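Worksheet for the structure shown next.
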Amino acid sequence: MSDLSRRALLQTSACGFGGLALRGLLAQQSIADSESRAGAPHHPPRAQRVIFLYMSGGPSQIDLFDPKPLIDQKHGTRISPPIDGREVTVGVDRYLALGSKWQATPRGASGVTISDLLPHLARVADELCLLKAMETDNEAHAPASLQLHTGTSIDVRPSMGAWLSYGLGTENHNLPGFITIHPESDVRTYGAGFLPAPYQGTPLTVPTRPEDLPIRNLRDPQTPVRVQEQRLGFLQQLNERSKRRAGNDPQLEGMIQSFELAFRMQKETPGLVDLSHETEATLARYGIGPGLASDRNGRACLLARRLSEAGVRFVQVTMGGWDHHGDIRGALPKTCAGVDQPIAGLLEDLRARGLLDETLVVWSGEFGRTPWSQDLSGTSPIETHGREHQPESYCAWLAGAGVKAGIMHGRTDDWGYRPIEGAVHLYDLQATILHLMGLDHERLTWRHSGRDYRLTDVHGRVVSEILA
């Protein structure tokens, strides 16, 4: 690093902007380097932005979207699922069919199948494009989640939001192009990998009190805003002088842009995350209110809408609580109650504001759940059993810009175990998301360690059957 770059780093640190200001300081290439980013779509986009609703833990598709009468009929009896030698077969003699306790029936004019556990989502069934034969490659939470977010289960690669930010830039220069709300602890799921650091996601926690900070180090409580503005103005003068002396120094340019964005965020973000001026009707639509099970996720979904409307290209909202290895019949209703109204409210609000036609909403977990039961103790009655992980098939859905509304795509076997029609691999979903945003997943690449990398690696196809 040059002396001028070190000086800029010291100036940035002195400004008190913490993690935000340091976000892009050590990037190998500057975000300003026009040769290091695509910066424009490959073809006319159908969507302008993405809201990704990540259901962490693996939602049970057989209970929510893909009912299986055969499993219901065989509830509590031993079954022999159609394993073919590729799976671990130890203990298959103890597989018991676990029927669903709830009805999943056709909803709306379209007949999209949705469980009684999701009555609010059922209201907007005609907006959904339900993928009933999704498949992925890993059956453990951490690697499966990493593959969903980055395309790989074992490496450090750019996340989907980082790829989109790199490919398209930002619509609002006062905000990052990628924000993740309540992210998982694994920073790789929203990291930039080998892309320049400014493309990584900015983690955000929805504040519930005025003193809470949505983004770490967003405010410097010891320095008045007026003083910070004066300090920034002085630093800008020094930086301009340094740029003239240094000539073309991409690292220095990136540093300056990073902490200038941090200060702009200090001014714009507090207003965006302040929900106190929202109407009672809006808060009620999202299920926001003291003591409500949906309050936290409702706030997150409302904030996602506000950030998306403000020009953030990729907003991710993580909603946990889906890891039901035991007592799924007791736990699943509570999880659904926490997400149902916020998600339905988000879709309704986007539609009412005319935003759904340009916003792609994606709902998915890292995998699904088995049609047979899992007994954690080995001795408990089946009514208290849970379900195991199932990467072989699960459900996801999309809504909004560029996808057919009110359709179901794909089908699984009578056991609910393997796709038999319209299979969509995780890589296909990623390729389709990029396509709807105007990006060719085979052309959106970055040269690293002697080869070109992309989100879908060497896989993936656009699922043209679901495109509007």
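Numbering starts fresh at 1 for the residues of each chain in the structure tokens, the chains themselves are lettered A, B, ... in the order given, and ligands are numbered from 1 as they appear.
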
Quiz item: Got a sec to tell me which of region 33-143 of chain A DSSP assigns to helix (DSSP H, G or I), as a PyMOL selection string?
Solution: chain A and resi 34-36+61-64+69-73+92-94+119-123+125-127+141-143

Quiz item: Given the choices A:Trp322, A:Tyr286, A:Tyr95, A:Trp397, which gets closest to Val112 (chain A) if the distance is worked out from only C-alpha atoms?
Solution: A:Trp397

Give me, as an mmCIF file with C-alpha atoms, in the first residue's frame, all polymer residues having an atom no more than 6 Å from Tyr54 (chain A), counting only C-alpha atoms and skipping those fewer than 6 positions away in the same chain.
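Now in selection.cif:
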```cif
data_model
loop_
_atom_site.group_PDB
_atom_site.id
_atom_site.type_symbol
_atom_site.label_atom_id
_atom_site.label_comp_id
_atom_site.auth_asym_id
_atom_site.auth_seq_id
_atom_site.Cartn_x
_atom_site.Cartn_y
_atom_site.Cartn_z
ATOM 1 C CA THR A 318 -33.354 -14.016 7.182
ATOM 2 C CA SER A 364 -36.565 -20.354 -0.039
ATOM 3 C CA GLY A 365 -34.845 -22.391 2.622
#
```

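Nearest residue to Ile62 (chain A) among A:Thr150, A:Gln48, A:Ser242, A:Thr105 is A:Thr105, counting only C-alpha atoms.
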
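Of the residues listed (A:Ser110, A:Thr279, A:Ser185, A:Thr205), A:Ser110 shows the shortest atom-to-atom separation from Met408 (chain A); distances use only C-alpha atoms.
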
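Between CA of Thr202 (chain A) and CA of Leu426 (chain A) lies a distance of 24.1 Å.
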